[in-house]
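With compact mmCIF, N, CA and C atoms inside, this is structure_22.txt:
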```
# COMPACT_ATOMS: atom_id res chain seq x y z
N GLN A 1 -122.95 72.82 -69.35
CA GLN A 1 -123.62 71.58 -68.98
C GLN A 1 -123.07 70.43 -69.81
N VAL A 2 -122.90 69.30 -69.15
CA VAL A 2 -122.50 68.07 -69.82
C VAL A 2 -123.51 66.99 -69.46
N HIS A 3 -123.99 66.30 -70.46
CA HIS A 3 -124.94 65.22 -70.25
C HIS A 3 -124.25 63.90 -70.53
N LEU A 4 -124.38 62.96 -69.58
CA LEU A 4 -123.70 61.67 -69.69
C LEU A 4 -124.72 60.54 -69.72
N VAL A 5 -124.53 59.60 -70.61
CA VAL A 5 -125.42 58.45 -70.70
C VAL A 5 -124.59 57.18 -70.75
N GLU A 6 -124.79 56.32 -69.74
CA GLU A 6 -124.09 55.05 -69.71
C GLU A 6 -124.91 53.96 -70.41
N SER A 7 -124.21 52.97 -70.92
CA SER A 7 -124.86 51.81 -71.51
C SER A 7 -123.91 50.63 -71.44
N GLY A 8 -124.45 49.45 -71.70
CA GLY A 8 -123.60 48.26 -71.78
C GLY A 8 -123.68 47.34 -70.60
N GLY A 9 -124.41 47.73 -69.56
CA GLY A 9 -124.53 46.85 -68.41
C GLY A 9 -125.35 45.62 -68.72
N GLY A 10 -125.35 44.68 -67.79
CA GLY A 10 -126.14 43.47 -67.99
C GLY A 10 -125.79 42.40 -66.97
N LEU A 11 -126.28 41.21 -67.24
CA LEU A 11 -126.04 40.05 -66.37
C LEU A 11 -125.04 39.13 -67.06
N VAL A 12 -123.95 38.85 -66.37
CA VAL A 12 -122.93 37.94 -66.91
C VAL A 12 -122.52 36.97 -65.83
N GLN A 13 -121.84 35.91 -66.24
CA GLN A 13 -121.30 34.96 -65.28
C GLN A 13 -119.88 35.36 -64.90
N ALA A 14 -119.47 34.91 -63.76
CA ALA A 14 -118.10 35.18 -63.30
C ALA A 14 -117.11 34.72 -64.36
N GLY A 15 -116.10 35.55 -64.61
CA GLY A 15 -115.09 35.24 -65.60
C GLY A 15 -115.36 35.84 -66.97
N GLU A 16 -116.58 36.29 -67.19
CA GLU A 16 -116.93 36.87 -68.48
C GLU A 16 -116.57 38.35 -68.53
N SER A 17 -116.85 38.95 -69.69
CA SER A 17 -116.47 40.35 -69.92
C SER A 17 -117.68 41.19 -70.28
N LEU A 18 -117.55 42.48 -70.05
CA LEU A 18 -118.54 43.47 -70.47
C LEU A 18 -117.80 44.75 -70.83
N ARG A 19 -118.37 45.51 -71.75
CA ARG A 19 -117.83 46.82 -72.06
C ARG A 19 -118.92 47.86 -71.81
N LEU A 20 -118.63 48.77 -70.91
CA LEU A 20 -119.53 49.86 -70.63
C LEU A 20 -119.14 51.07 -71.47
N SER A 21 -120.14 51.83 -71.87
CA SER A 21 -119.91 53.05 -72.63
C SER A 21 -120.52 54.23 -71.88
N CYS A 22 -119.87 55.37 -72.02
CA CYS A 22 -120.36 56.61 -71.44
C CYS A 22 -120.31 57.67 -72.54
N ALA A 23 -121.47 58.00 -73.07
CA ALA A 23 -121.54 58.99 -74.15
C ALA A 23 -121.80 60.36 -73.56
N ALA A 24 -120.95 61.32 -73.91
CA ALA A 24 -121.07 62.67 -73.39
C ALA A 24 -121.58 63.61 -74.46
N SER A 25 -122.42 64.55 -74.06
CA SER A 25 -122.92 65.59 -74.97
C SER A 25 -122.96 66.91 -74.21
N GLY A 26 -123.10 67.99 -74.96
CA GLY A 26 -123.08 69.31 -74.35
C GLY A 26 -121.70 69.91 -74.44
N ARG A 27 -121.27 70.60 -73.39
CA ARG A 27 -119.98 71.29 -73.40
C ARG A 27 -118.84 70.33 -73.09
N THR A 28 -118.68 69.35 -73.94
CA THR A 28 -117.66 68.32 -73.70
C THR A 28 -116.25 68.85 -73.85
N SER A 29 -116.08 70.00 -74.49
CA SER A 29 -114.74 70.57 -74.63
C SER A 29 -114.18 70.97 -73.28
N SER A 30 -115.04 71.09 -72.28
CA SER A 30 -114.59 71.45 -70.93
C SER A 30 -114.15 70.26 -70.10
N ASN A 31 -114.32 69.06 -70.64
CA ASN A 31 -113.98 67.87 -69.86
C ASN A 31 -112.50 67.81 -69.56
N TYR A 32 -112.17 67.69 -68.28
CA TYR A 32 -110.78 67.49 -67.87
C TYR A 32 -110.52 66.00 -67.65
N ALA A 33 -111.49 65.33 -67.03
CA ALA A 33 -111.36 63.90 -66.77
C ALA A 33 -112.75 63.27 -66.74
N VAL A 34 -112.80 62.02 -67.11
CA VAL A 34 -114.04 61.24 -67.01
C VAL A 34 -113.73 59.97 -66.24
N GLY A 35 -114.52 59.71 -65.24
CA GLY A 35 -114.27 58.56 -64.39
C GLY A 35 -115.44 57.61 -64.32
N TRP A 36 -115.15 56.41 -63.86
CA TRP A 36 -116.17 55.40 -63.58
C TRP A 36 -116.17 55.11 -62.08
N PHE A 37 -117.36 55.08 -61.53
CA PHE A 37 -117.57 54.72 -60.14
C PHE A 37 -118.58 53.59 -60.11
N ARG A 38 -118.67 52.90 -58.98
CA ARG A 38 -119.69 51.87 -58.84
C ARG A 38 -120.23 51.89 -57.42
N GLN A 39 -121.46 51.44 -57.31
CA GLN A 39 -122.11 51.41 -56.00
C GLN A 39 -122.93 50.14 -55.89
N ALA A 40 -122.55 49.31 -54.93
CA ALA A 40 -123.30 48.09 -54.64
C ALA A 40 -124.34 48.41 -53.57
N PRO A 41 -125.40 47.62 -53.48
CA PRO A 41 -126.44 47.87 -52.47
C PRO A 41 -125.85 47.93 -51.07
N GLY A 42 -126.17 49.00 -50.35
CA GLY A 42 -125.71 49.15 -48.97
C GLY A 42 -124.29 49.69 -48.83
N ASP A 43 -123.62 49.88 -49.97
CA ASP A 43 -122.24 50.38 -49.93
C ASP A 43 -122.16 51.81 -50.42
N GLU A 44 -121.06 52.45 -50.11
CA GLU A 44 -120.81 53.79 -50.63
C GLU A 44 -120.34 53.69 -52.08
N ARG A 45 -120.49 54.79 -52.80
CA ARG A 45 -120.01 54.83 -54.16
C ARG A 45 -118.49 54.74 -54.15
N GLU A 46 -117.95 53.89 -55.03
CA GLU A 46 -116.53 53.58 -55.04
C GLU A 46 -115.90 53.95 -56.37
N PHE A 47 -114.74 54.58 -56.31
CA PHE A 47 -113.98 54.89 -57.52
C PHE A 47 -113.49 53.61 -58.18
N VAL A 48 -113.57 53.54 -59.51
CA VAL A 48 -113.08 52.39 -60.25
C VAL A 48 -111.91 52.79 -61.15
N ALA A 49 -112.11 53.80 -61.97
CA ALA A 49 -111.07 54.19 -62.92
C ALA A 49 -111.39 55.60 -63.43
N THR A 50 -110.35 56.27 -63.91
CA THR A 50 -110.56 57.57 -64.52
C THR A 50 -109.54 57.79 -65.62
N ILE A 51 -109.88 58.67 -66.55
CA ILE A 51 -108.99 58.99 -67.64
C ILE A 51 -108.98 60.50 -67.83
N LYS A 52 -107.80 61.07 -67.95
CA LYS A 52 -107.66 62.48 -68.24
C LYS A 52 -107.88 62.68 -69.74
N TRP A 53 -108.77 63.63 -70.07
CA TRP A 53 -109.23 63.70 -71.44
C TRP A 53 -108.12 64.03 -72.43
N SER A 54 -107.30 65.01 -72.12
CA SER A 54 -106.30 65.45 -73.10
C SER A 54 -105.08 64.54 -73.15
N SER A 55 -104.60 64.11 -71.99
CA SER A 55 -103.37 63.32 -71.95
C SER A 55 -103.63 61.83 -72.16
N GLY A 56 -104.83 61.37 -71.79
CA GLY A 56 -105.12 59.95 -71.85
C GLY A 56 -104.58 59.17 -70.66
N ASN A 57 -104.00 59.88 -69.69
CA ASN A 57 -103.49 59.18 -68.50
C ASN A 57 -104.65 58.51 -67.76
N THR A 58 -104.39 57.32 -67.27
CA THR A 58 -105.44 56.53 -66.62
C THR A 58 -105.02 56.13 -65.20
N TYR A 59 -106.03 55.91 -64.37
CA TYR A 59 -105.81 55.51 -62.98
C TYR A 59 -106.90 54.51 -62.61
N TYR A 60 -106.52 53.52 -61.80
CA TYR A 60 -107.45 52.46 -61.42
C TYR A 60 -107.32 52.15 -59.93
N ILE A 61 -108.40 51.58 -59.39
CA ILE A 61 -108.24 51.02 -58.05
C ILE A 61 -107.53 49.67 -58.21
N ASP A 62 -106.83 49.28 -57.16
CA ASP A 62 -106.01 48.08 -57.23
C ASP A 62 -106.78 46.81 -57.61
N PRO A 63 -107.99 46.60 -57.08
CA PRO A 63 -108.68 45.33 -57.38
C PRO A 63 -109.01 45.11 -58.86
N VAL A 64 -109.01 46.18 -59.66
CA VAL A 64 -109.38 46.01 -61.06
C VAL A 64 -108.19 46.14 -62.00
N LYS A 65 -107.04 46.48 -61.48
CA LYS A 65 -105.85 46.61 -62.33
C LYS A 65 -105.55 45.30 -63.03
N GLY A 66 -105.32 45.39 -64.31
CA GLY A 66 -105.04 44.20 -65.09
C GLY A 66 -106.29 43.53 -65.64
N ARG A 67 -107.46 43.91 -65.13
CA ARG A 67 -108.72 43.31 -65.63
C ARG A 67 -109.60 44.34 -66.32
N PHE A 68 -109.56 45.59 -65.87
CA PHE A 68 -110.38 46.65 -66.44
C PHE A 68 -109.49 47.60 -67.23
N THR A 69 -110.03 48.14 -68.30
CA THR A 69 -109.32 49.13 -69.10
C THR A 69 -110.27 50.27 -69.42
N ILE A 70 -109.86 51.49 -69.08
CA ILE A 70 -110.64 52.67 -69.42
C ILE A 70 -109.99 53.31 -70.64
N SER A 71 -110.82 53.77 -71.57
CA SER A 71 -110.30 54.39 -72.78
C SER A 71 -111.30 55.44 -73.25
N ARG A 72 -110.85 56.27 -74.20
CA ARG A 72 -111.76 57.30 -74.72
C ARG A 72 -111.66 57.37 -76.23
N ASP A 73 -112.75 57.77 -76.83
CA ASP A 73 -112.80 58.06 -78.26
C ASP A 73 -113.20 59.52 -78.35
N SER A 74 -112.22 60.37 -78.60
CA SER A 74 -112.48 61.80 -78.60
C SER A 74 -113.46 62.21 -79.70
N ALA A 75 -113.38 61.55 -80.83
CA ALA A 75 -114.27 61.90 -81.94
C ALA A 75 -115.73 61.62 -81.60
N LYS A 76 -115.95 60.61 -80.78
CA LYS A 76 -117.32 60.23 -80.41
C LYS A 76 -117.71 60.77 -79.04
N ASN A 77 -116.78 61.45 -78.37
CA ASN A 77 -117.04 61.94 -77.01
C ASN A 77 -117.54 60.82 -76.11
N THR A 78 -116.89 59.70 -76.20
CA THR A 78 -117.32 58.52 -75.47
C THR A 78 -116.15 57.92 -74.70
N VAL A 79 -116.44 57.50 -73.49
CA VAL A 79 -115.46 56.81 -72.66
C VAL A 79 -115.95 55.38 -72.44
N TYR A 80 -115.02 54.46 -72.50
CA TYR A 80 -115.37 53.04 -72.35
C TYR A 80 -114.70 52.47 -71.10
N LEU A 81 -115.35 51.47 -70.55
CA LEU A 81 -114.74 50.68 -69.48
C LEU A 81 -114.86 49.22 -69.88
N GLN A 82 -113.75 48.67 -70.35
CA GLN A 82 -113.71 47.26 -70.71
C GLN A 82 -113.41 46.46 -69.46
N MET A 83 -114.32 45.58 -69.11
CA MET A 83 -114.18 44.79 -67.88
C MET A 83 -114.04 43.32 -68.24
N SER A 84 -112.96 42.73 -67.82
CA SER A 84 -112.70 41.31 -68.09
C SER A 84 -112.57 40.56 -66.78
N SER A 85 -112.68 39.24 -66.87
CA SER A 85 -112.57 38.38 -65.69
C SER A 85 -113.42 38.92 -64.54
N LEU A 86 -114.66 39.21 -64.85
CA LEU A 86 -115.54 39.79 -63.85
C LEU A 86 -115.79 38.84 -62.69
N LYS A 87 -115.93 39.42 -61.51
CA LYS A 87 -116.17 38.67 -60.29
C LYS A 87 -117.52 39.07 -59.70
N PRO A 88 -118.12 38.20 -58.92
CA PRO A 88 -119.41 38.58 -58.28
C PRO A 88 -119.32 39.85 -57.45
N THR A 89 -118.14 40.14 -56.91
CA THR A 89 -117.96 41.37 -56.13
C THR A 89 -118.05 42.61 -57.02
N GLY A 90 -118.05 42.42 -58.31
CA GLY A 90 -118.20 43.54 -59.23
C GLY A 90 -119.64 43.92 -59.49
N THR A 91 -120.57 43.21 -58.89
CA THR A 91 -121.99 43.53 -59.04
C THR A 91 -122.28 44.89 -58.40
N ALA A 92 -122.80 45.80 -59.22
CA ALA A 92 -123.05 47.16 -58.74
C ALA A 92 -123.71 47.96 -59.86
N VAL A 93 -124.17 49.14 -59.51
CA VAL A 93 -124.54 50.13 -60.52
C VAL A 93 -123.27 50.91 -60.84
N TYR A 94 -122.96 50.99 -62.12
CA TYR A 94 -121.77 51.69 -62.56
C TYR A 94 -122.17 53.05 -63.12
N TYR A 95 -121.49 54.09 -62.63
CA TYR A 95 -121.76 55.46 -63.04
C TYR A 95 -120.53 56.06 -63.71
N CYS A 96 -120.75 56.85 -64.73
CA CYS A 96 -119.65 57.66 -65.24
C CYS A 96 -119.86 59.09 -64.78
N ALA A 97 -118.76 59.81 -64.68
CA ALA A 97 -118.79 61.17 -64.17
C ALA A 97 -117.74 62.00 -64.89
N ALA A 98 -118.03 63.26 -65.08
CA ALA A 98 -117.13 64.15 -65.78
C ALA A 98 -116.72 65.32 -64.89
N ARG A 99 -115.46 65.65 -64.97
CA ARG A 99 -114.97 66.83 -64.27
C ARG A 99 -114.71 67.92 -65.30
N THR A 100 -115.28 69.10 -65.08
CA THR A 100 -115.12 70.21 -66.02
C THR A 100 -114.48 71.42 -65.37
N ARG A 101 -114.14 71.33 -64.08
CA ARG A 101 -113.62 72.48 -63.36
C ARG A 101 -112.13 72.70 -63.58
N GLY A 102 -111.50 71.85 -64.40
CA GLY A 102 -110.09 72.06 -64.64
C GLY A 102 -109.23 71.07 -63.89
N MET A 103 -107.96 71.40 -63.77
CA MET A 103 -106.96 70.47 -63.26
C MET A 103 -107.27 70.00 -61.84
N ALA A 104 -106.86 68.76 -61.57
CA ALA A 104 -106.99 68.19 -60.24
C ALA A 104 -105.89 67.16 -60.07
N SER A 105 -105.53 66.92 -58.83
CA SER A 105 -104.47 65.94 -58.57
C SER A 105 -104.98 64.53 -58.87
N ASP A 106 -104.03 63.65 -59.09
CA ASP A 106 -104.40 62.27 -59.35
C ASP A 106 -105.17 61.69 -58.17
N THR A 107 -104.78 62.06 -56.97
CA THR A 107 -105.47 61.58 -55.77
C THR A 107 -106.89 62.11 -55.71
N TRP A 108 -107.07 63.38 -55.99
CA TRP A 108 -108.39 64.00 -55.92
C TRP A 108 -109.33 63.39 -56.96
N LEU A 109 -108.80 63.00 -58.10
CA LEU A 109 -109.65 62.43 -59.15
C LEU A 109 -110.24 61.08 -58.76
N LYS A 110 -109.77 60.51 -57.66
CA LYS A 110 -110.34 59.24 -57.18
C LYS A 110 -111.50 59.48 -56.22
N SER A 111 -111.83 60.74 -56.01
CA SER A 111 -112.94 61.10 -55.13
C SER A 111 -114.15 61.51 -55.96
N SER A 112 -115.32 61.08 -55.55
CA SER A 112 -116.54 61.45 -56.28
C SER A 112 -116.76 62.96 -56.22
N SER A 113 -116.23 63.62 -55.21
CA SER A 113 -116.41 65.07 -55.07
C SER A 113 -115.67 65.85 -56.14
N ALA A 114 -114.75 65.21 -56.84
CA ALA A 114 -113.98 65.90 -57.86
C ALA A 114 -114.75 66.09 -59.15
N TYR A 115 -115.91 65.45 -59.27
CA TYR A 115 -116.64 65.42 -60.54
C TYR A 115 -117.89 66.28 -60.49
N ASP A 116 -118.22 66.83 -61.64
CA ASP A 116 -119.29 67.82 -61.71
C ASP A 116 -120.59 67.28 -62.30
N TYR A 117 -120.49 66.31 -63.16
CA TYR A 117 -121.68 65.77 -63.83
C TYR A 117 -121.65 64.25 -63.74
N TRP A 118 -122.85 63.69 -63.62
CA TRP A 118 -122.99 62.25 -63.46
C TRP A 118 -124.05 61.70 -64.42
N GLY A 119 -123.83 60.47 -64.84
CA GLY A 119 -124.84 59.78 -65.61
C GLY A 119 -125.83 59.10 -64.67
N GLN A 120 -126.79 58.41 -65.27
CA GLN A 120 -127.86 57.80 -64.49
C GLN A 120 -127.48 56.41 -63.97
N GLY A 121 -126.40 55.85 -64.50
CA GLY A 121 -125.92 54.55 -64.04
C GLY A 121 -126.41 53.40 -64.90
N THR A 122 -125.64 52.33 -64.90
CA THR A 122 -126.03 51.11 -65.60
C THR A 122 -125.70 49.92 -64.68
N GLN A 123 -126.65 48.99 -64.60
CA GLN A 123 -126.50 47.86 -63.67
C GLN A 123 -125.61 46.79 -64.27
N VAL A 124 -124.67 46.33 -63.48
CA VAL A 124 -123.84 45.18 -63.84
C VAL A 124 -124.05 44.12 -62.76
N THR A 125 -124.44 42.94 -63.17
CA THR A 125 -124.66 41.84 -62.24
C THR A 125 -123.80 40.67 -62.68
N VAL A 126 -122.97 40.19 -61.76
CA VAL A 126 -122.07 39.08 -62.06
C VAL A 126 -122.48 37.89 -61.20
N SER A 127 -122.92 36.84 -61.84
CA SER A 127 -123.36 35.66 -61.10
C SER A 127 -122.20 34.68 -60.92
N SER A 128 -122.26 33.94 -59.84
CA SER A 128 -121.18 32.98 -59.55
C SER A 128 -121.47 31.62 -60.14
```
Mind converting the file's structure to structure tokens?
Amino acid sequence: QVHLVESGGGLVQAGESLRLSCAASGRTSSNYAVGWFRQAPGDEREFVATIKWSSGNTYYIDPVKGRFTISRDSAKNTVYLQMSSLKPTGTAVYYCAARTRGMASDTWLKSSSAYDYWGQGTQVTVSS
């Protein structure tokens, strides 16, 4: 079992920054990848970014490339999502998720089905 807790959400104005944190506990040694997803009201959950735990390789959706950075602190079992130049379209509940089942393709890691554990989410609201 892996328990994930997100924090760092809030209300910001367009153009500002936020850093989300995802603290993992439990069998974190099994983590293969940790990803961030977001879900706006009425929309499906959308992949944002993911990081492979051992290699540190990262992947992003195109709209956030150059503005968002995913990183990990292995000693703290924490994954961060640094979000800059936020846009109102970024308003959503942001979830972190962990995959513990082992290797997966880069393409598969962009699917919510690839992940085994989820946090409760943190709200990010970007005003115009």
Expected axis-aligned box over every listed atom of stretch 105-111 of chain A, 5 Å added per side, centre plus edges in Å to one decimal, as AutoDock Vina command-line options:
```
--center_x -109.1 --center_y 63.1 --center_z -57.2 --size_x 20.1 --size_y 17.7 --size_z 14.2
```
Per residue of stretch 61-85 of chain A within 6 Å of stretch 23-32 of chain A, record the nearest atom pair and its distance in Å to one decimal, counting only N, CA and C atoms, with rows in chain order and ascending residue number, as a Markdown table.
```
| residue | atom | partner | partner_atom | distance |
| --- | --- | --- | --- | --- |
| A:Asn77 | C | A:Ala24 | N | 4.1 |
| A:Thr78 | CA | A:Ala23 | CA | 4.4 |
| A:Val79 | N | A:Ala23 | N | 5.1 |
```
Selection: 5 Å around A:Ala97, only N, CA and C atoms, excl. self and same-chain fewer than 4 positions, as an MDAnalysis selection string: chainID A and resid 34:35 117:118
For the selection you just gave me, I'd like the residues written to a file as a CSV table (one decimal), keeping the file's coordinate frame, keeping N, CA and C atoms.
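File written: selection_19.csv
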```
chain,number,residue,atom,x,y,z
A,34,VAL,N,-112.8,62.0,-67.1
A,34,VAL,CA,-114.0,61.2,-67.0
A,34,VAL,C,-113.7,60.0,-66.2
A,35,GLY,N,-114.5,59.7,-65.2
A,35,GLY,CA,-114.3,58.6,-64.4
A,35,GLY,C,-115.4,57.6,-64.3
A,117,TYR,N,-120.5,66.3,-63.2
A,117,TYR,CA,-121.7,65.8,-63.8
A,117,TYR,C,-121.6,64.2,-63.7
A,118,TRP,N,-122.8,63.7,-63.6
A,118,TRP,CA,-123.0,62.2,-63.5
A,118,TRP,C,-124.0,61.7,-64.4
```
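Residue nearest A:Arg45 within the list A:Val5, A:Leu20, A:Ser112, A:Pro63: A:Ser112 [criterion: smallest interatomic distance, only N, CA and C atoms].
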- For A:Tyr115, list every protein, DNA or RNA residue within 8 Å, evaluated using all atoms listed in the file, and leave out those in the same chain fewer than 4 positions away; present the list as a PyMOL selection string. chain A and resi 33+35+97-101+108-109+111
task: Enumerate the residues of stretch 15-77 of chain A with a DSSP assignment of strand (DSSP E or B), computed from the backbone, and present them as a PyMOL selection string.
output: chain A and resi 18-26+33-39+46-52+58-60+68-73
Write out the residues from the selection above, keeping N, CA and C atoms, as an mmCIF file, in the coordinates of the input.
```cif
data_model
loop_
_atom_site.group_PDB
_atom_site.id
_atom_site.type_symbol
_atom_site.label_atom_id
_atom_site.label_comp_id
_atom_site.auth_asym_id
_atom_site.auth_seq_id
_atom_site.Cartn_x
_atom_site.Cartn_y
_atom_site.Cartn_z
ATOM 1 N N LEU A 18 -117.550 42.480 -70.050
ATOM 2 C CA LEU A 18 -118.540 43.470 -70.470
ATOM 3 C C LEU A 18 -117.800 44.750 -70.830
ATOM 4 N N ARG A 19 -118.370 45.510 -71.750
ATOM 5 C CA ARG A 19 -117.830 46.820 -72.060
ATOM 6 C C ARG A 19 -118.920 47.860 -71.810
ATOM 7 N N LEU A 20 -118.630 48.770 -70.910
ATOM 8 C CA LEU A 20 -119.530 49.860 -70.630
ATOM 9 C C LEU A 20 -119.140 51.070 -71.470
ATOM 10 N N SER A 21 -120.140 51.830 -71.870
ATOM 11 C CA SER A 21 -119.910 53.050 -72.630
ATOM 12 C C SER A 21 -120.520 54.230 -71.880
ATOM 13 N N CYS A 22 -119.870 55.370 -72.020
ATOM 14 C CA CYS A 22 -120.360 56.610 -71.440
ATOM 15 C C CYS A 22 -120.310 57.670 -72.540
ATOM 16 N N ALA A 23 -121.470 58.000 -73.070
ATOM 17 C CA ALA A 23 -121.540 58.990 -74.150
ATOM 18 C C ALA A 23 -121.800 60.360 -73.560
ATOM 19 N N ALA A 24 -120.950 61.320 -73.910
ATOM 20 C CA ALA A 24 -121.070 62.670 -73.390
ATOM 21 C C ALA A 24 -121.580 63.610 -74.460
ATOM 22 N N SER A 25 -122.420 64.550 -74.060
ATOM 23 C CA SER A 25 -122.920 65.590 -74.970
ATOM 24 C C SER A 25 -122.960 66.910 -74.210
ATOM 25 N N GLY A 26 -123.100 67.990 -74.960
ATOM 26 C CA GLY A 26 -123.080 69.310 -74.350
ATOM 27 C C GLY A 26 -121.700 69.910 -74.440
ATOM 28 N N ALA A 33 -111.490 65.330 -67.030
ATOM 29 C CA ALA A 33 -111.360 63.900 -66.770
ATOM 30 C C ALA A 33 -112.750 63.270 -66.740
ATOM 31 N N VAL A 34 -112.800 62.020 -67.110
ATOM 32 C CA VAL A 34 -114.040 61.240 -67.010
ATOM 33 C C VAL A 34 -113.730 59.970 -66.240
ATOM 34 N N GLY A 35 -114.520 59.710 -65.240
ATOM 35 C CA GLY A 35 -114.270 58.560 -64.390
ATOM 36 C C GLY A 35 -115.440 57.610 -64.320
ATOM 37 N N TRP A 36 -115.150 56.410 -63.860
ATOM 38 C CA TRP A 36 -116.170 55.400 -63.580
ATOM 39 C C TRP A 36 -116.170 55.110 -62.080
ATOM 40 N N PHE A 37 -117.360 55.080 -61.530
ATOM 41 C CA PHE A 37 -117.570 54.720 -60.140
ATOM 42 C C PHE A 37 -118.580 53.590 -60.110
ATOM 43 N N ARG A 38 -118.670 52.900 -58.980
ATOM 44 C CA ARG A 38 -119.690 51.870 -58.840
ATOM 45 C C ARG A 38 -120.230 51.890 -57.420
ATOM 46 N N GLN A 39 -121.460 51.440 -57.310
ATOM 47 C CA GLN A 39 -122.110 51.410 -56.000
ATOM 48 C C GLN A 39 -122.930 50.140 -55.890
ATOM 49 N N GLU A 46 -117.950 53.890 -55.030
ATOM 50 C CA GLU A 46 -116.530 53.580 -55.040
ATOM 51 C C GLU A 46 -115.900 53.950 -56.370
ATOM 52 N N PHE A 47 -114.740 54.580 -56.310
ATOM 53 C CA PHE A 47 -113.980 54.890 -57.520
ATOM 54 C C PHE A 47 -113.490 53.610 -58.180
ATOM 55 N N VAL A 48 -113.570 53.540 -59.510
ATOM 56 C CA VAL A 48 -113.080 52.390 -60.250
ATOM 57 C C VAL A 48 -111.910 52.790 -61.150
ATOM 58 N N ALA A 49 -112.110 53.800 -61.970
ATOM 59 C CA ALA A 49 -111.070 54.190 -62.920
ATOM 60 C C ALA A 49 -111.390 55.600 -63.430
ATOM 61 N N THR A 50 -110.350 56.270 -63.910
ATOM 62 C CA THR A 50 -110.560 57.570 -64.520
ATOM 63 C C THR A 50 -109.540 57.790 -65.620
ATOM 64 N N ILE A 51 -109.880 58.670 -66.550
ATOM 65 C CA ILE A 51 -108.990 58.990 -67.640
ATOM 66 C C ILE A 51 -108.980 60.500 -67.830
ATOM 67 N N LYS A 52 -107.800 61.070 -67.950
ATOM 68 C CA LYS A 52 -107.660 62.480 -68.240
ATOM 69 C C LYS A 52 -107.880 62.680 -69.740
ATOM 70 N N THR A 58 -104.390 57.320 -67.270
ATOM 71 C CA THR A 58 -105.440 56.530 -66.620
ATOM 72 C C THR A 58 -105.020 56.130 -65.200
ATOM 73 N N TYR A 59 -106.030 55.910 -64.370
ATOM 74 C CA TYR A 59 -105.810 55.510 -62.980
ATOM 75 C C TYR A 59 -106.900 54.510 -62.610
ATOM 76 N N TYR A 60 -106.520 53.520 -61.800
ATOM 77 C CA TYR A 60 -107.450 52.460 -61.420
ATOM 78 C C TYR A 60 -107.320 52.150 -59.930
ATOM 79 N N PHE A 68 -109.560 45.590 -65.870
ATOM 80 C CA PHE A 68 -110.380 46.650 -66.440
ATOM 81 C C PHE A 68 -109.490 47.600 -67.230
ATOM 82 N N THR A 69 -110.030 48.140 -68.300
ATOM 83 C CA THR A 69 -109.320 49.130 -69.100
ATOM 84 C C THR A 69 -110.270 50.270 -69.420
ATOM 85 N N ILE A 70 -109.860 51.490 -69.080
ATOM 86 C CA ILE A 70 -110.640 52.670 -69.420
ATOM 87 C C ILE A 70 -109.990 53.310 -70.640
ATOM 88 N N SER A 71 -110.820 53.770 -71.570
ATOM 89 C CA SER A 71 -110.300 54.390 -72.780
ATOM 90 C C SER A 71 -111.300 55.440 -73.250
ATOM 91 N N ARG A 72 -110.850 56.270 -74.200
ATOM 92 C CA ARG A 72 -111.760 57.300 -74.720
ATOM 93 C C ARG A 72 -111.660 57.370 -76.230
ATOM 94 N N ASP A 73 -112.750 57.770 -76.830
ATOM 95 C CA ASP A 73 -112.800 58.060 -78.260
ATOM 96 C C ASP A 73 -113.200 59.520 -78.350
#
```
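Atom pair atom N of A:Arg67 / atom CA of A:Gln120 has a distance of 24.7 Å (rounded to one decimal).
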**OP:** Name all residues at most 10 Å from A:Ala40 (count only C-alpha atoms; drop same-chain ones fewer than 5 positions away) and give them as number ranges by chain.
**Re:** A: 45-46, 89-94, 123-125
Excluding A:Ile61 and any residue of its chain fewer than 2 positions from it, enumerate the residues within 6 Å of it, using only N, CA and C atoms, and give them as an mmCIF file with N, CA and C atoms, in the coordinates of the input.
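Produced file selection_12.cif, reproduced below:
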```cif
data_model
loop_
_atom_site.group_PDB
_atom_site.id
_atom_site.type_symbol
_atom_site.label_atom_id
_atom_site.label_comp_id
_atom_site.auth_asym_id
_atom_site.auth_seq_id
_atom_site.Cartn_x
_atom_site.Cartn_y
_atom_site.Cartn_z
ATOM 1 N N PHE A 47 -114.740 54.580 -56.310
ATOM 2 C CA PHE A 47 -113.980 54.890 -57.520
ATOM 3 C C PHE A 47 -113.490 53.610 -58.180
ATOM 4 N N VAL A 48 -113.570 53.540 -59.510
ATOM 5 C CA VAL A 48 -113.080 52.390 -60.250
ATOM 6 C C VAL A 48 -111.910 52.790 -61.150
ATOM 7 N N ALA A 49 -112.110 53.800 -61.970
ATOM 8 C CA ALA A 49 -111.070 54.190 -62.920
ATOM 9 C C ALA A 49 -111.390 55.600 -63.430
ATOM 10 N N TYR A 59 -106.030 55.910 -64.370
ATOM 11 C CA TYR A 59 -105.810 55.510 -62.980
ATOM 12 C C TYR A 59 -106.900 54.510 -62.610
ATOM 13 N N PRO A 63 -107.990 46.600 -57.080
ATOM 14 C CA PRO A 63 -108.680 45.330 -57.380
ATOM 15 C C PRO A 63 -109.010 45.110 -58.860
ATOM 16 N N VAL A 64 -109.010 46.180 -59.660
ATOM 17 C CA VAL A 64 -109.380 46.010 -61.060
ATOM 18 C C VAL A 64 -108.190 46.140 -62.000
ATOM 19 N N LYS A 65 -107.040 46.480 -61.480
ATOM 20 C CA LYS A 65 -105.850 46.610 -62.330
ATOM 21 C C LYS A 65 -105.550 45.300 -63.030
#
```
If DSSP is run on the backbone, what residues of chain A are helix (DSSP H, G or I)? A reply as an MDAnalysis selection string would be ideal. chainID A and resid 28:30 62:64 74:76 88:90 108:110 112:114
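One distance worth recording is that between atom C of A:Thr122 and atom C of A:Ser21, which is 9.9 Å.
With only C-alpha atoms as the basis for measurement, A:Gln82 is the residue among A:His3, A:Gln82, A:Ser127, A:Gly102 that approaches A:Trp36 most closely.
Between atom CA of A:Thr50 and atom CA of A:Arg38 the interatomic distance comes to 12.2 Å.
With only C-alpha atoms as the atoms that count, the residue of A:Phe68, A:Gly42, A:Trp53, A:Met103 with the shortest distance to A:Lys87 is A:Phe68.
Using all atoms listed in the file, the smallest distance between any of A:Ser17, A:Ile70, A:Gln1, A:Glu6 and A:Gly121 comes from A:Glu6.
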